Amino acid sequence: MGNGKGFACYGTALDQFYAWWWEHLPKNGGGHVATDLGTGRQTTLLNTWWPYVFDINTFTSTLPAPDILFPPEDVLPPAPPDPVLGIALGASRIGLSWTEPADDVGVTRYAVYRDGVLIRKTVVPYLTDSRLAPRSHHTYVIRACDGSDNESAPSFPVEITTLASEVPGQVINGGFEIHPGASGWFTAAYRADQVRFGWEPPGTAGNPTRCVSVEGLQSTDAGWQQQVDGLVPGKSYWLTGRIRGERIVLDEGRGIGANLCLAGTWDHTGELLSGTFDWRRVTLPFVAPASGTVTVGARLGYWGNIASGKAWFDNIAVIGPQDIQLGASGWRDDEGFRFELMAAPGRGYKIERSADLNSWQELEHLTPVDPVTEISDPNSSGAGMFYYRAVLE
Ligand SMILES: [Ca+2]
Ligand SMILES: [Ca+2]
């Protein structure tokens with residue numbers, strides 16, 4: 001046989017064994033004479049039975065045709081995964097995701113190393129590493145493996161530090177820059193076989209970043225969901241995000257298209273987002289329940305309100321009564337640097353700019369009516385780098 005790699009992997013890496021097995025399976029019909037190594041007896045075996053017995057037999061001739069064709073041995077390792085992305089998901093967890101690299105036959109799994117030690121082999125291109133210490137610093141590399149046990153060179157190392165403590169009341173990876181599956185997002189669907197969930201590539205979010213999608217091939221109710229803990233019961237919060245739609249069609253007489261919602265409740269964004277429309281921001285104000293926990297949803301359709309078509313979602317966040325955050329938004333030649341203030345509406349904020357983090361210059365006063373306000377700084381062009389901050393007045 002001349003190749004024992006399949007057996008070395010059997011038991012510890014079943015799918016890798018089967019990848020090797022499939023690659024080496026004679027694809028022609030017919031049979032061959034097998035000699036049982038234990039008893040010396042000879043028998044005729046059909047090729048379709050061959051994979052079940054070849055570990056205890058040698059094959060000396062073939063019937064009816066002498067042409068069992070072996071594909072060339074796969075000796076070329078895959079390329080290393082690139083890029084590998086990671087974020088701290090909290091005080092104890094780190095999320096990682098990467099892109100499937102090229103291989104001459106095909107990548108079957110990945111080996112994930114933390115600080116030089118193999119921690120997991122996985123068939124999917126993402127991972128949540130958990131039970132880490134707060135404020136601990138880790139270096140990860142990923143190697144890709146093919147079905148013949150060839151392992152790629154290590155990826156570029158990714159260095160991540162866990163947070164000092166959990167951050168309550170936050171949507172994690174609401175911009176979908178790492179794989180949603182590595183960061184607590186999950187999917188739920190009515191008529192799951194009629195739904196495609198997508199993690200969309202960079203550039204699909206109306207900016208250079210990634211986003212997620214829900215596509216109903218037939219009318220459905222389906223979405224991405226994430227549980228958010230640590231809200232203060234009775235306090236006001238805002239669930240906000242961006243949505244885009246393509247050919248969203250509602251069942252007759254229904255009024256909810258693409259929406260953000262609190263799963264398990266009747267609370268959802270109010271706009272009827274159907275048909276084809278470009279990216280727009282929607283917001284759902286809500287009061288935190290007694291449990292302090294909600295499940296936020298980015299959804300196509302609703303209970304008793306099924307819809308078809310495709311919806312994209314990005315920048316999903318829960319904004320709390322005390323939050324003041326600035327998020328980068330982009331650059332336009334006529335408006336300069338643009339960013340977003342994400343803060344509870346109804347309070348006054350001062351936006352300030354600094355070149356050195358010592359002296360701060362006032363840019364704008366505002367009392368937002370929405371939890372997300374777009375701000376631009378037309379004087380930001382030219383050389384130099386600026387810092388911005390928002391201060392509660
Ligand atoms: Ca290969
Ligand atoms: Ca994004």
# chains A, B, ... in the order shown; residues from 1 in each chain; ligands from 1
>>> residues_near_ligand(ligand="ligand 2", cutoff="9 Å", atoms="only C-alpha atoms and all ligand atoms", output="list of chain:residue names")
A:Asn173, A:Gly174, A:Gly175, A:Phe176, A:Glu177, A:Pro202, A:Gly203, A:Thr204, A:Ala205, A:Gly206, A:Asn207, A:Pro208, A:Thr209, A:Arg210, A:Cys211, A:Val212, A:Phe313, A:Asp314, A:Asn315, A:Ile316
>>> residues_around(residues="segment 83-92 of chain A", least_positions_apart="4", cutoff="7 Å", atoms="only C-alpha atoms", output="ChimeraX atom specification")
/A:96-99,130-135,158,160-167,172,178,183
>>> write_last_selection(atoms="C-alpha atoms", output="CSV table (one decimal), in the first residue's frame")
chain,number,residue,atom,x,y,z
A,96,LEU,CA,-10.7,34.3,16.3
A,97,SER,CA,-11.6,33.9,12.6
A,98,TRP,CA,-9.6,33.4,9.5
A,99,THR,CA,-10.0,32.7,5.7
A,130,SER,CA,-12.5,30.6,26.7
A,131,ARG,CA,-11.5,30.3,30.4
A,132,LEU,CA,-8.7,32.8,30.0
A,133,ALA,CA,-7.5,35.1,32.8
A,134,PRO,CA,-8.5,38.8,32.8
A,135,ARG,CA,-6.0,41.1,31.2
A,158,VAL,CA,-2.3,37.5,16.2
A,160,ILE,CA,-4.9,39.8,21.8
A,161,THR,CA,-5.3,40.8,25.5
A,162,THR,CA,-8.5,39.9,27.4
A,163,LEU,CA,-10.4,42.8,29.0
A,164,ALA,CA,-10.0,43.6,32.7
A,165,SER,CA,-13.6,42.8,33.4
A,166,GLU,CA,-16.7,41.9,31.5
A,167,VAL,CA,-18.5,44.8,29.9
A,172,ILE,CA,-20.1,41.9,21.0
A,178,ILE,CA,-14.7,38.5,12.9
A,183,SER,CA,-18.5,36.0,19.1
>>> closest_residue(among="A:Thr122, A:Thr128, A:Gln225, A:Ser148", to="ligand 1", atoms="only C-alpha atoms and all ligand atoms")
A:Ser148
>>> closest_residue(among="A:Asp82, A:Glu393, A:Asp146, A:Asp115", to="ligand 1", atoms="only C-alpha atoms and all ligand atoms")
A:Asp146
>>> residues_near_ligand(ligand="ligand 1", cutoff="8 Å", atoms="only C-alpha atoms and all ligand atoms", output="list in words")
Asp74, Val75, Leu76, Pro77, Pro78, Asp103, Asp104, Val105, Gly106, Val107, Cys145, Asp146, Gly147, Ser148 and Asn150 of chain A
>>> write_last_selection(atoms="C-alpha atoms", output="short mmCIF file (atom, residue, chain, number, x, y, z; two decimals), in the first residue's frame")
data_model
loop_
_atom_site.label_atom_id
_atom_site.label_comp_id
_atom_site.auth_asym_id
_atom_site.auth_seq_id
_atom_site.Cartn_x
_atom_site.Cartn_y
_atom_site.Cartn_z
CA ASP A 74 -1.02 14.71 -1.90
CA VAL A 75 2.34 15.94 -0.63
CA LEU A 76 1.82 19.69 -0.89
CA PRO A 77 0.72 21.45 2.29
CA PRO A 78 -1.93 24.18 2.18
CA ASP A 103 -4.53 23.76 -1.22
CA ASP A 104 -4.03 21.50 -4.27
CA VAL A 105 -6.55 18.93 -2.93
CA GLY A 106 -8.43 20.74 -0.19
CA VAL A 107 -8.15 21.97 3.40
CA CYS A 145 -4.18 20.84 7.29
CA ASP A 146 -5.20 18.79 4.26
CA GLY A 147 -6.56 15.24 4.12
CA SER A 148 -3.07 13.70 3.87
CA ASN A 150 0.19 17.95 5.45
#
>>> residues_around(residues="Ser359 of chain A", least_positions_apart="5", cutoff="12 Å", atoms="only C-alpha atoms", output="PyMOL selection string")
chain A and resi 352-354+386-389
>>> atom_distance(atom1="atom CA of Ser155 of chain A", atom2="atom CA of Gly181 of chain A")
20.5 Å
>>> atom_distance(atom1="atom CA of Gly255 of chain A", atom2="atom CA of Leu273 of chain A")
8.8 Å
>>> residues_around(residues="Gly116 of chain A", least_positions_apart="3", cutoff="9 Å", atoms="only C-alpha atoms", output="JSON, numbers by chain")
{"A": [113, 139, 140, 141]}
>>> atom_distance(atom1="atom CA of Met342 of chain A", atom2="atom CA of Trp312 of chain A")
21.1 Å
>>> closest_residue(among="A:Leu392, A:Ala344, A:Ile324, A:Ala153", to="His365 of chain A", atoms="only C-alpha atoms")
A:Leu392
>>> residues_around(residues="segment 185-188 of chain A", least_positions_apart="4", cutoff="8 Å", atoms="only C-alpha atoms", output="MDAnalysis selection string")
chainID A and resid 180:181 192 197 222:227
>>> write_last_selection(atoms="N, CA and C atoms", output="mmCIF file, in the first residue's frame")
data_model
loop_
_atom_site.group_PDB
_atom_site.id
_atom_site.type_symbol
_atom_site.label_atom_id
_atom_site.label_comp_id
_atom_site.auth_asym_id
_atom_site.auth_seq_id
_atom_site.Cartn_x
_atom_site.Cartn_y
_atom_site.Cartn_z
ATOM 1 N N PRO A 180 -19.193 35.740 12.958
ATOM 2 C CA PRO A 180 -20.218 35.872 14.000
ATOM 3 C C PRO A 180 -20.238 34.680 14.956
ATOM 4 N N GLY A 181 -19.940 33.488 14.416
ATOM 5 C CA GLY A 181 -19.979 32.277 15.240
ATOM 6 C C GLY A 181 -18.925 32.263 16.328
ATOM 7 N N ALA A 192 -36.046 26.580 8.113
ATOM 8 C CA ALA A 192 -34.597 26.775 8.012
ATOM 9 C C ALA A 192 -34.039 26.364 6.651
ATOM 10 N N PHE A 197 -27.934 32.096 5.588
ATOM 11 C CA PHE A 197 -27.304 33.096 6.440
ATOM 12 C C PHE A 197 -25.908 33.355 5.900
ATOM 13 N N ALA A 222 -36.514 34.712 9.930
ATOM 14 C CA ALA A 222 -35.181 34.216 10.243
ATOM 15 C C ALA A 222 -34.266 35.377 10.630
ATOM 16 N N GLY A 223 -33.290 35.113 11.493
ATOM 17 C CA GLY A 223 -32.388 36.197 11.861
ATOM 18 C C GLY A 223 -31.164 35.734 12.624
ATOM 19 N N TRP A 224 -30.239 36.689 12.776
ATOM 20 C CA TRP A 224 -29.068 36.533 13.633
ATOM 21 C C TRP A 224 -29.448 37.032 15.024
ATOM 22 N N GLN A 225 -28.993 36.327 16.074
ATOM 23 C CA GLN A 225 -29.340 36.721 17.440
ATOM 24 C C GLN A 225 -28.117 36.670 18.345
ATOM 25 N N GLN A 226 -28.136 37.510 19.374
ATOM 26 C CA GLN A 226 -27.090 37.460 20.399
ATOM 27 C C GLN A 226 -27.700 37.844 21.742
ATOM 28 N N GLN A 227 -27.348 37.092 22.773
ATOM 29 C CA GLN A 227 -27.836 37.411 24.112
ATOM 30 C C GLN A 227 -26.968 38.503 24.723
#
>>> select_by_dssp(residues="segment 72-127 of chain A", states="strand (DSSP E)", output="ChimeraX atom specification")
/A:84-88,94-98,107-114,117-122,126-127
>>> closest_residue(among="A:Gln170, A:Ser376, A:Gln361, A:Thr293", to="Leu341 of chain A", atoms="only C-alpha atoms")
A:Ser376
